[in-house]
file data-v8.txt (compact mmCIF, C-alpha atoms)
# COMPACT_ATOMS: atom_id res chain seq x y z
CA MET A 176 -73.81 73.69 45.01
CA THR A 177 -84.01 70.90 46.55
CA THR A 178 -94.22 67.37 49.38
CA ALA A 179 -96.99 67.85 51.00
CA THR A 180 -96.73 68.13 54.76
CA THR A 181 -98.91 67.45 57.75
CA ALA A 182 -98.19 70.81 59.33
CA PRO A 183 -95.94 73.73 58.44
CA PRO A 184 -92.75 73.88 60.54
CA THR A 185 -91.94 76.80 62.77
CA THR A 186 -89.18 79.18 61.82
CA GLU A 187 -86.98 77.75 64.57
CA ALA A 188 -87.46 74.19 63.36
CA ALA A 189 -86.76 75.21 59.81
CA THR A 190 -83.53 76.94 60.65
CA THR A 191 -81.96 74.91 63.42
CA PRO A 192 -79.38 72.37 62.19
CA GLY A 193 -79.28 69.07 63.99
CA ALA A 194 -82.83 69.40 65.32
CA THR A 195 -84.22 67.20 62.53
CA GLY A 196 -83.65 63.58 61.59
CA LEU A 197 -81.98 63.38 58.19
CA TRP A 198 -79.02 61.52 59.72
CA HIS A 199 -81.49 58.66 60.20
CA ASN A 200 -82.97 58.95 56.71
CA ARG A 201 -81.26 56.19 54.73
CA GLU A 202 -82.68 57.25 51.38
CA PHE A 203 -81.46 60.83 51.75
CA LEU A 204 -78.04 59.62 52.90
CA THR A 205 -77.81 57.33 49.85
CA PHE A 206 -78.61 60.21 47.54
CA TRP A 207 -76.19 62.47 49.42
CA PHE A 208 -73.36 59.94 49.08
CA GLY A 209 -73.87 59.59 45.32
CA GLU A 210 -74.01 63.33 44.84
CA THR A 211 -70.82 63.81 46.85
CA LEU A 212 -68.81 61.51 44.58
CA SER A 213 -70.43 62.98 41.48
CA LEU A 214 -69.58 66.53 42.54
CA MET A 215 -66.00 65.51 43.28
CA GLY A 216 -65.69 64.07 39.79
CA SER A 217 -67.26 67.17 38.29
CA GLN A 218 -64.44 69.24 39.76
CA VAL A 219 -62.07 67.35 37.49
CA THR A 220 -64.20 68.18 34.45
CA THR A 221 -64.56 71.85 35.44
CA LEU A 222 -60.79 72.27 35.38
CA ALA A 223 -59.93 69.65 32.74
CA LEU A 224 -62.17 70.87 29.92
CA PRO A 225 -60.72 74.41 29.63
CA LEU A 226 -57.19 73.14 30.29
CA THR A 227 -57.66 70.54 27.53
CA ALA A 228 -58.60 73.38 25.18
CA VAL A 229 -55.62 75.51 26.32
CA THR A 230 -52.91 72.84 26.45
CA ALA A 231 -53.94 70.43 23.69
CA PHE A 232 -55.33 72.90 21.14
CA HIS A 233 -53.72 76.22 22.20
CA ALA A 234 -57.20 77.75 22.46
CA SER A 235 -57.53 81.51 22.40
CA PRO A 236 -59.23 83.42 25.23
CA ALA A 237 -62.34 83.70 23.06
CA GLN A 238 -62.40 79.92 22.53
CA VAL A 239 -62.02 79.28 26.26
CA GLY A 240 -64.91 81.66 26.92
CA LEU A 241 -66.94 79.95 24.18
CA LEU A 242 -66.30 76.56 25.80
CA ARG A 243 -67.68 77.79 29.11
CA PHE A 244 -70.58 79.45 27.30
CA LEU A 245 -71.53 76.21 25.53
CA GLN A 246 -71.49 74.31 28.83
CA LEU A 247 -73.98 76.73 30.38
CA VAL A 248 -76.05 78.08 27.49
CA PRO A 249 -78.42 75.06 27.45
CA TYR A 250 -79.86 76.50 30.65
CA LEU A 251 -81.03 79.52 28.66
CA GLY A 252 -82.89 77.54 26.02
CA LEU A 253 -83.95 74.34 27.77
CA ALA A 254 -84.35 74.81 31.53
CA LEU A 255 -87.87 76.20 31.30
CA VAL A 256 -88.98 73.43 28.93
CA PHE A 257 -87.38 70.71 31.04
CA GLY A 258 -88.85 72.22 34.22
CA ALA A 259 -92.39 72.05 32.83
CA LEU A 260 -91.85 68.47 31.63
CA VAL A 261 -90.33 67.38 34.96
CA ASP A 262 -93.43 68.64 36.80
CA ARG A 263 -95.39 66.06 34.80
CA MET A 264 -93.33 63.00 35.82
CA ARG A 265 -91.43 61.28 38.60
CA ARG A 266 -88.06 63.00 39.04
CA ARG A 267 -85.84 60.03 39.98
CA ARG A 268 -86.27 58.38 36.58
CA VAL A 269 -85.29 61.59 34.82
CA MET A 270 -82.19 61.92 37.02
CA ILE A 271 -81.12 58.36 36.22
CA ALA A 272 -81.38 58.98 32.47
CA ALA A 273 -79.51 62.31 32.72
CA ASN A 274 -76.61 60.87 34.71
CA ALA A 275 -76.29 57.89 32.36
CA ALA A 276 -75.99 60.29 29.42
CA ARG A 277 -73.39 62.45 31.18
CA MET A 278 -71.35 59.38 32.12
CA LEU A 279 -71.16 58.29 28.47
CA LEU A 280 -70.48 61.75 27.02
CA ILE A 281 -67.67 62.57 29.45
CA GLY A 282 -66.20 59.10 28.94
CA LEU A 283 -66.01 59.80 25.21
CA ILE A 284 -63.48 62.62 25.65
CA PRO A 285 -60.56 60.52 27.00
CA LEU A 286 -61.43 57.77 24.50
CA LEU A 287 -61.26 60.19 21.57
CA ALA A 288 -58.09 61.79 22.96
CA ALA A 289 -56.38 58.40 23.33
CA THR A 290 -57.21 57.54 19.71
CA HIS A 291 -56.13 61.01 18.45
CA GLN A 292 -59.61 61.84 17.18
CA LEU A 293 -60.39 64.71 19.56
CA SER A 294 -60.56 68.18 18.04
CA ILE A 295 -61.43 71.59 19.48
CA SER A 296 -64.74 71.64 17.59
CA LEU A 297 -65.65 68.17 18.89
CA LEU A 298 -64.67 69.23 22.41
CA LEU A 299 -66.97 72.25 22.15
CA GLY A 300 -69.83 70.06 20.91
CA LEU A 301 -69.39 67.53 23.72
CA ALA A 302 -69.28 70.35 26.29
CA CYS A 303 -72.64 71.59 25.01
CA ALA A 304 -74.18 68.09 25.05
CA ILE A 305 -72.98 67.54 28.63
CA GLY A 306 -74.54 70.88 29.53
CA ILE A 307 -77.92 69.81 28.11
CA PHE A 308 -78.13 66.76 30.37
CA SER A 309 -76.84 68.80 33.30
CA VAL A 310 -79.87 71.06 32.84
CA LEU A 311 -82.19 68.06 32.93
CA PHE A 312 -80.57 66.70 36.09
CA ASP A 313 -80.46 70.05 37.89
CA VAL A 314 -84.13 70.91 37.47
CA SER A 315 -84.97 67.38 38.67
CA TRP A 316 -82.80 66.94 41.77
CA MET A 317 -83.74 70.26 43.33
CA SER A 318 -87.38 69.20 43.04
CA PHE A 319 -86.63 65.64 44.24
CA VAL A 320 -84.93 66.54 47.53
CA PRO A 321 -88.23 67.53 49.25
CA THR A 322 -89.48 64.00 48.49
CA LEU A 323 -86.51 62.51 50.36
CA ALA A 324 -86.63 65.05 53.20
CA LYS A 325 -90.34 64.17 53.65
CA ASP A 326 -91.08 67.22 55.81
CA LYS A 327 -90.61 70.88 54.93
CA ALA A 328 -89.10 71.37 58.38
CA HIS A 329 -86.07 69.50 57.00
CA TYR A 330 -85.46 71.78 54.01
CA VAL A 331 -82.79 73.98 55.58
CA GLU A 332 -81.05 70.92 57.05
CA ALA A 333 -81.08 69.12 53.67
CA ASN A 334 -79.84 72.22 51.84
CA GLN A 335 -77.16 72.78 54.46
CA LYS A 336 -75.89 69.20 54.15
CA LEU A 337 -75.82 69.39 50.36
CA GLY A 338 -74.21 72.82 50.59
CA VAL A 339 -71.47 71.50 52.87
CA THR A 340 -70.89 68.65 50.43
CA SER A 341 -70.66 71.03 47.49
CA SER A 342 -68.24 73.27 49.38
CA THR A 343 -66.16 70.30 50.53
CA THR A 344 -65.73 69.12 46.96
CA ASP A 345 -64.87 72.70 46.01
CA VAL A 346 -62.09 72.54 48.61
CA ALA A 347 -60.65 69.15 47.73
CA GLY A 348 -61.69 68.95 44.08
CA PRO A 349 -59.48 71.53 42.33
CA GLY A 350 -56.36 70.32 44.13
CA ILE A 351 -57.09 66.70 43.27
CA ALA A 352 -58.01 67.73 39.73
CA GLY A 353 -54.74 69.64 39.35
CA VAL A 354 -52.72 66.60 40.48
CA LEU A 355 -54.67 64.22 38.20
CA ILE A 356 -54.34 66.54 35.22
CA GLY A 357 -50.62 66.89 35.85
CA ALA A 358 -50.18 63.11 36.09
CA LEU A 359 -52.65 61.89 33.44
CA THR A 360 -53.11 64.95 31.14
CA ALA A 361 -56.34 66.91 31.10
CA PRO A 362 -58.45 64.74 28.73
CA ILE A 363 -57.47 61.38 30.27
CA SER A 364 -58.28 62.61 33.80
CA LEU A 365 -61.94 62.89 32.75
CA VAL A 366 -62.23 59.12 33.25
CA ILE A 367 -62.56 59.94 36.97
CA ASP A 368 -65.65 62.08 36.41
CA SER A 369 -67.24 59.46 34.16
CA ALA A 370 -66.77 56.87 36.92
CA SER A 371 -68.30 59.21 39.51
CA TYR A 372 -71.48 59.44 37.45
CA LEU A 373 -71.64 55.65 37.41
CA VAL A 374 -71.60 55.63 41.22
CA SER A 375 -74.28 58.31 41.34
CA LEU A 376 -76.36 56.25 38.92
CA VAL A 377 -76.15 53.21 41.19
CA THR A 378 -77.18 55.20 44.28
CA LEU A 379 -80.23 56.58 42.47
CA LEU A 380 -81.23 53.03 41.52
CA LEU A 381 -80.99 52.02 45.20
CA ILE A 382 -83.46 54.69 46.36
CA ARG A 383 -86.91 53.26 47.04
CA THR A 384 -88.75 56.24 48.53
CA PRO A 385 -92.15 56.34 46.78
CA GLU A 386 -92.53 59.40 44.63
CA GLU A 387 -96.05 60.62 44.14
CA LYS A 388 -97.24 60.64 40.57
CA PRO A 389 -98.08 64.22 39.56
CA ALA A 390 -101.80 64.86 39.62
CA PRO A 391 -103.40 64.91 36.17
CA SER A 392 -104.23 68.34 34.83
CA SER A 393 -107.89 69.37 34.86
CA GLU A 394 -107.41 70.74 31.35
CA LYS A 395 -105.46 69.73 28.27
CA ARG A 396 -101.70 69.96 28.76
CA HIS A 397 -100.02 72.85 26.99
CA LEU A 398 -96.26 73.24 27.41
CA GLY A 399 -96.17 76.95 26.67
CA ARG A 400 -98.99 77.69 29.11
CA GLU A 401 -97.30 75.66 31.85
CA ILE A 402 -93.99 77.47 31.33
CA ALA A 403 -95.78 80.82 31.45
CA GLU A 404 -97.55 79.76 34.66
CA GLY A 405 -94.19 79.02 36.30
CA LEU A 406 -92.72 82.35 35.22
CA ARG A 407 -95.78 84.26 36.42
CA PHE A 408 -95.48 82.55 39.78
CA VAL A 409 -91.78 83.41 40.21
CA PHE A 410 -92.03 87.03 39.04
CA GLY A 411 -95.29 87.59 40.89
CA HIS A 412 -93.95 86.38 44.25
CA ARG A 413 -92.81 89.06 46.68
CA VAL A 414 -89.68 87.09 47.72
CA LEU A 415 -88.87 85.09 44.61
CA ARG A 416 -89.03 88.09 42.26
CA PRO A 417 -86.12 90.05 43.82
CA LEU A 418 -84.11 86.82 44.13
CA ALA A 419 -84.70 86.21 40.43
CA VAL A 420 -83.60 89.73 39.46
CA ILE A 421 -80.21 89.43 41.21
CA ALA A 422 -79.56 85.76 40.35
CA PRO A 423 -78.06 86.19 36.84
CA PHE A 424 -75.69 88.95 37.96
CA CYS A 425 -74.37 86.71 40.74
CA ASN A 426 -73.43 83.91 38.37
CA PHE A 427 -72.19 86.35 35.72
CA SER A 428 -69.70 87.67 38.24
CA MET A 429 -68.58 84.28 39.53
CA VAL A 430 -68.15 82.62 36.13
CA SER A 431 -66.54 85.56 34.34
CA VAL A 432 -64.04 86.04 37.18
CA TRP A 433 -63.31 82.29 37.29
CA THR A 434 -62.79 82.12 33.50
CA LEU A 435 -60.57 85.19 33.42
CA PHE A 436 -58.61 83.98 36.45
CA LEU A 437 -57.70 80.72 34.67
CA LEU A 438 -56.30 82.70 31.75
CA TYR A 439 -54.65 85.33 33.96
CA ALA A 440 -53.01 82.80 36.30
CA ALA A 441 -51.89 80.34 33.62
CA ARG A 442 -50.73 82.78 30.94
CA ASP A 443 -50.02 86.16 32.48
CA LYS A 444 -48.59 84.89 35.78
CA GLY A 445 -47.26 81.51 34.58
CA LEU A 446 -48.84 79.41 37.34
CA PRO A 447 -48.86 75.65 36.62
CA ALA A 448 -52.10 73.64 36.78
CA GLY A 449 -51.20 72.29 40.23
CA LEU A 450 -50.91 75.78 41.74
CA VAL A 451 -54.10 76.97 40.03
CA GLY A 452 -55.89 73.98 41.56
CA LEU A 453 -54.28 74.72 44.93
CA VAL A 454 -55.55 78.32 44.87
CA LEU A 455 -59.09 77.20 44.12
CA SER A 456 -58.95 74.43 46.73
CA ALA A 457 -57.59 76.62 49.50
CA SER A 458 -60.03 79.43 48.81
CA SER A 459 -62.98 77.04 48.65
CA VAL A 460 -62.57 76.46 52.39
CA GLY A 461 -64.59 79.67 52.61
CA GLY A 462 -67.55 77.95 50.97
CA LEU A 463 -67.28 75.02 53.36
CA ILE A 464 -67.21 77.35 56.36
CA GLY A 465 -70.15 79.37 55.02
CA ALA A 466 -72.33 76.32 54.34
CA SER A 467 -71.43 74.76 57.71
CA LEU A 468 -72.35 77.90 59.64
CA SER A 469 -75.43 78.85 57.61
CA GLY A 470 -77.93 77.14 59.92
CA VAL A 471 -76.49 78.75 63.06
CA VAL A 472 -76.23 82.15 61.37
CA LEU A 473 -79.85 81.98 60.21
CA GLN A 474 -80.91 81.10 63.74
CA ARG A 475 -79.08 84.03 65.34
CA PHE A 476 -79.56 86.82 62.78
CA ARG A 477 -82.35 88.15 60.61
CA THR A 478 -82.76 86.30 57.32
CA GLY A 479 -82.49 89.52 55.32
CA THR A 480 -79.28 90.56 57.04
CA VAL A 481 -77.69 87.17 56.40
CA TYR A 482 -78.72 87.37 52.75
CA ALA A 483 -77.40 90.92 52.25
CA VAL A 484 -74.02 90.28 53.92
CA SER A 485 -73.44 87.01 52.08
CA MET A 486 -74.24 88.61 48.72
CA ALA A 487 -71.93 91.51 49.53
CA LEU A 488 -69.07 89.06 50.06
CA ILE A 489 -69.77 87.39 46.70
CA PHE A 490 -69.73 90.67 44.79
CA THR A 491 -66.73 92.33 46.49
CA GLY A 492 -64.31 89.39 46.72
CA PRO A 493 -63.10 89.66 43.07
CA LEU A 494 -61.76 93.19 43.66
CA LEU A 495 -58.59 91.72 45.17
CA ILE A 496 -57.54 89.76 42.07
CA PRO A 497 -56.65 92.48 39.53
CA PHE A 498 -54.90 94.60 42.16
CA ALA A 499 -52.63 91.78 43.36
CA SER A 500 -48.93 92.28 42.72
CA GLY A 501 -45.56 91.19 44.08
CA PRO A 502 -43.68 87.88 44.29
CA ARG A 503 -45.50 84.59 43.74
CA PRO A 504 -46.33 83.90 47.43
CA VAL A 505 -47.96 87.33 47.73
CA LEU A 506 -49.91 86.81 44.52
CA LEU A 507 -51.13 83.43 45.73
CA ALA A 508 -52.24 84.96 49.04
CA PHE A 509 -54.25 87.65 47.22
CA PHE A 510 -55.85 85.10 44.90
CA VAL A 511 -56.78 82.76 47.74
CA THR A 512 -58.23 85.60 49.83
CA ALA A 513 -60.31 86.92 46.92
CA PHE A 514 -61.93 83.58 46.20
CA PHE A 515 -62.19 82.73 49.91
CA VAL A 516 -64.32 85.83 50.54
CA SER A 517 -66.58 85.12 47.56
CA TYR A 518 -66.97 81.43 48.41
CA LEU A 519 -67.71 82.23 52.06
CA GLY A 520 -70.61 84.41 50.93
CA LEU A 521 -71.72 81.83 48.38
CA GLY A 522 -71.77 79.01 50.94
CA ILE A 523 -74.19 80.97 53.13
CA ALA A 524 -76.21 82.56 50.33
CA ASN A 525 -76.95 79.24 48.60
CA VAL A 526 -78.59 77.78 51.70
CA VAL A 527 -80.59 80.96 52.30
CA MET A 528 -81.79 81.33 48.73
CA VAL A 529 -82.68 77.68 48.09
CA SER A 530 -84.56 77.47 51.40
CA LEU A 531 -86.50 80.67 50.58
CA ARG A 532 -87.39 79.28 47.16
CA GLN A 533 -88.51 75.88 48.45
CA ALA A 534 -90.53 77.35 51.31
CA GLY A 535 -92.37 79.71 48.99
CA THR A 536 -93.22 77.21 46.24
CA PRO A 537 -95.94 74.53 46.17
CA GLN A 538 -94.81 71.10 44.95
CA ALA A 539 -96.85 71.32 41.75
CA LEU A 540 -94.72 74.29 40.65
CA MET A 541 -91.37 73.18 42.10
CA GLY A 542 -89.85 72.02 38.83
CA ARG A 543 -90.84 75.16 36.95
CA MET A 544 -89.67 77.42 39.76
CA ASN A 545 -86.27 75.69 39.84
CA ALA A 546 -86.11 75.81 36.05
CA ALA A 547 -86.74 79.55 36.05
CA PHE A 548 -83.92 80.11 38.52
CA ARG A 549 -81.57 77.73 36.70
CA THR A 550 -82.28 79.64 33.49
CA LEU A 551 -81.44 82.94 35.16
CA LEU A 552 -78.44 81.68 37.12
CA PHE A 553 -76.78 79.74 34.35
CA GLY A 554 -77.86 82.16 31.68
CA GLY A 555 -75.92 84.79 33.58
CA GLY A 556 -73.06 82.33 34.02
CA SER A 557 -72.92 81.43 30.33
CA LEU A 558 -72.80 85.10 29.37
CA GLY A 559 -70.13 85.64 32.01
CA GLY A 560 -67.85 83.04 30.43
CA LEU A 561 -68.48 84.29 26.90
CA ILE A 562 -68.17 88.01 27.62
CA GLY A 563 -65.21 87.46 29.93
CA GLY A 564 -63.34 85.59 27.18
CA TYR A 565 -64.05 88.25 24.57
CA LEU A 566 -63.14 91.08 26.93
CA ALA A 567 -59.82 89.37 27.65
CA GLY A 568 -59.18 89.04 23.92
CA GLY A 569 -59.99 92.69 23.25
CA LEU A 570 -58.73 94.49 26.35
CA GLY A 571 -56.23 92.08 27.86
CA THR A 572 -56.89 89.74 30.76
CA HIS A 573 -55.89 92.18 33.51
CA THR A 574 -58.05 95.04 32.22
CA ALA A 575 -60.99 92.69 31.71
CA LEU A 576 -60.65 91.37 35.28
CA THR A 577 -60.57 94.92 36.64
CA ALA A 578 -63.71 95.91 34.74
CA ILE A 579 -65.64 92.81 35.83
CA ALA A 580 -64.56 93.20 39.48
CA ILE A 581 -65.66 96.85 39.66
CA GLY A 582 -68.95 96.08 37.94
CA SER A 583 -69.61 93.27 40.43
CA ALA A 584 -69.00 95.56 43.40
CA LEU A 585 -71.64 97.98 42.07
CA MET A 586 -74.25 95.24 42.54
CA LEU A 587 -74.13 96.07 46.27
CA LEU A 588 -76.52 98.92 45.50
CA VAL A 589 -79.09 96.49 44.07
CA VAL A 590 -78.70 94.09 47.01
CA ALA A 591 -79.24 96.91 49.50
CA ALA A 592 -82.44 97.94 47.72
CA SER A 593 -83.83 94.37 47.56
CA PRO A 594 -86.83 93.62 49.84
CA VAL A 595 -85.19 90.26 50.62
CA SER A 596 -82.52 92.16 52.55
CA ARG A 597 -85.26 93.38 54.92
CA LEU A 598 -86.80 89.98 55.74
CA LYS A 599 -86.91 89.16 59.44
CA GLU A 600 -87.29 85.40 58.99
CA LEU A 601 -88.11 82.71 56.45
CA PRO A 602 -91.57 83.39 54.98
CA ALA A 603 -94.60 81.22 55.58
CA ILE A 604 -94.55 77.80 53.92
CA ALA A 605 -96.53 77.68 50.67
CA ASP A 606 -99.46 75.29 50.35
call {"tool": "encode", "arguments": {"input": "data-v8.txt", "output": "structure tokens"}}
result
Amino acid sequence: MTTATTAPPTTEAATTPGATGLWHNREFLTFWFGETLSLMGSQVTTLALPLTAVTAFHASPAQVGLLRFLQLVPYLGLALVFGALVDRMRRRRVMIAANAARMLLIGLIPLLAATHQLSISLLLGLACAIGIFSVLFDVSWMSFVPTLAKDKAHYVEANQKLGVTSSTTDVAGPGIAGVLIGALTAPISLVIDSASYLVSLVTLLLIRTPEEKPAPSSEKRHLGREIAEGLRFVFGHRVLRPLAVIAPFCNFSMVSVWTLFLLYAARDKGLPAGLVGLVLSASSVGGLIGASLSGVVLQRFRTGTVYAVSMALIFTGPLLIPFASGPRPVLLAFFVTAFFVSYLGLGIANVVMVSLRQAGTPQALMGRMNAAFRTLLFGGGSLGGLIGGYLAGGLGTHTALTAIAIGSALMLLVVAASPVSRLKELPAIAD
């Protein structure tokens, strides 16, 4: 696990959970409910797609890495284009179309598997197609949330609630996914995710909050110029620029470690799908705790300090995985602790970073700003899956994990040098 206002909120109002009224905002709660079910279903897909490749087609480490790469690589080529287009239109309609497409594409996988027509090449193609519509949805919803929150004073509260939801599904999702995959097989369990997108689709149709039509441009529209304008804004902003520089390395670390861990746990250590899901579920409690405490932490400590510490947890957590040894209970404890530390940092960092981005961006540039960050984040993630898979094939899974973990820890030097780490509070709200 995003607008015009009558007056900019104070720092206290923007960072104090519970002081605002989103619990009484029916439209936001409707959206939140749909997203919760959709995220829970997505946990099944996240685990089921690579396990389908491994168990049904005996995929190599390189093929597993390629699968993850194809899911995320659309962010590299399409996020900026979609972000510019989304800034021209109402976001809810785009989200409805994207979720309808994802529902149908994911539903195709169990149908093809049941009729014995699913192949590894078709699975890779469907993964890429699902990724394309995920890009479209992601750059839309993060720009749509301010419309539902209505007031920029609610941004941290909205991001905290969505962050808690994301972390909660991270906790429950892998365990549930592991049980479903064990009972139904990996491809058939994807029916659950397809159904979750149907629910999300219905909740989006129920939302009636008026969404302002984007103001017409004073000059002829030009897609390339609009994309360039968004990039200039992000890389010219004193807070957004350093966030953008670190963003791809964060996702590279998380995705490469996650991809290598699946291979390492399932093949090298012989853990069944249920135990792999249990490790990810138990460790994801860290993300839930981090997201839940983010508002209080931001209120009590300097924004820069919270950012630096949370990023340090993300980058150092993976060090525990390759050095774990001993009987299975000890191994499981090391694995859970490693991911717990990373997810704890991620739960806090997500709220901090999204709030900084929203506060610093005018609504007219929100889609392009989010698109730029999605390109960087998921571009780093796609390369993490691809490079992690190829490193495992060339060096062995354990050696590859060790190299990635040490490289991630070195990012602490970049975080310490970032001007974001020296921020005292959230910056002034952009007009």
call {"tool": "closest_residue", "arguments": {"input": "data-v8.txt", "among": "A:Ala333, A:Val314, A:Val454, A:Leu473", "to": "Trp433 in chain A", "atoms": "all atoms listed in the file"}}
result
A:Val454
call {"tool": "atom_distance", "arguments": {"input": "data-v8.txt", "atom1": "CA of Leu245 in chain A", "atom2": "CA of Gly556 in chain A"}}
result
10.6 Å
call {"tool": "closest_residue", "arguments": {"input": "data-v8.txt", "among": "A:Pro493, A:Gly465, A:Pro594, A:Pro321", "to": "His412 in chain A", "atoms": "all atoms listed in the file"}}
result
A:Pro594
call {"tool": "axis_aligned_box", "arguments": {"input": "data-v8.txt", "around": "range 434-440 of chain A", "padding_each_side": "5 Å", "output": "JSON"}}
result
{"center_x": -57.9, "center_y": 83.0, "center_z": 34.1, "size_x": 19.8, "size_y": 14.6, "size_z": 14.7}
call {"tool": "closest_atom_pairs", "arguments": {"input": "data-v8.txt", "of": "range 526-583 of chain A", "to": "range 367-389 of chain A", "cutoff": "12 Å", "atoms": "all atoms listed in the file", "output": "JSON lines"}}
result
{"residue": "A:Gln538", "atom": "CA", "partner": "A:Pro389", "partner_atom": "CA", "distance": 9.3}
{"residue": "A:Ala539", "atom": "CA", "partner": "A:Pro389", "partner_atom": "CA", "distance": 7.5}
{"residue": "A:Leu540", "atom": "CA", "partner": "A:Pro389", "partner_atom": "CA", "distance": 10.7}
{"residue": "A:Met541", "atom": "CA", "partner": "A:Pro389", "partner_atom": "CA", "distance": 11.5}
{"residue": "A:Gly542", "atom": "CA", "partner": "A:Pro389", "partner_atom": "CA", "distance": 11.4}
call {"tool": "closest_residue", "arguments": {"input": "data-v8.txt", "among": "A:Arg268, A:Arg416, A:Arg201, A:Arg243", "to": "Leu298 in chain A", "atoms": "all atoms listed in the file"}}
result
A:Arg243
call {"tool": "residues_around", "arguments": {"input": "data-v8.txt", "residues": "Ser309 in chain A", "least_positions_apart": "2", "cutoff": "9 Å", "atoms": "only C-alpha atoms", "output": "compact mmCIF listing (two decimals) with C-alpha atoms, in the coordinates of the input"}}
result
# COMPACT_ATOMS: atom_id res chain seq x y z
CA GLN A 246 -71.49 74.31 28.83
CA LEU A 247 -73.98 76.73 30.38
CA PRO A 249 -78.42 75.06 27.45
CA TYR A 250 -79.86 76.50 30.65
CA ALA A 273 -79.51 62.31 32.72
CA ASN A 274 -76.61 60.87 34.71
CA ARG A 277 -73.39 62.45 31.18
CA ALA A 304 -74.18 68.09 25.05
CA ILE A 305 -72.98 67.54 28.63
CA GLY A 306 -74.54 70.88 29.53
CA ILE A 307 -77.92 69.81 28.11
CA LEU A 311 -82.19 68.06 32.93
CA PHE A 312 -80.57 66.70 36.09
CA ASP A 313 -80.46 70.05 37.89
CA VAL A 314 -84.13 70.91 37.47
call {"tool": "atom_distance", "arguments": {"input": "data-v8.txt", "atom1": "CA of Ala448 in chain A", "atom2": "CA of Ala288 in chain A"}}
result
19.2 Å
call {"tool": "atom_distance", "arguments": {"input": "data-v8.txt", "atom1": "CA of Pro236 in chain A", "atom2": "CA of Tyr439 in chain A"}}
result
10.0 Å
call {"tool": "residues_around", "arguments": {"input": "data-v8.txt", "residues": "Ser235 in chain A", "least_positions_apart": "6", "cutoff": "10 Å", "atoms": "only C-alpha atoms", "output": "PyMOL selection string"}}
result
chain A and resi 228-229+241+438+564-565+567-568
call {"tool": "closest_residue", "arguments": {"input": "data-v8.txt", "among": "A:Arg543, A:Leu463, A:Gly559, A:Arg475", "to": "Gly520 in chain A", "atoms": "only C-alpha atoms"}}
result
A:Leu463
call {"tool": "closest_residue", "arguments": {"input": "data-v8.txt", "among": "A:Ser318, A:Gln292, A:Thr211, A:Asn426", "to": "Ile489 in chain A", "atoms": "only C-alpha atoms"}}
result
A:Asn426
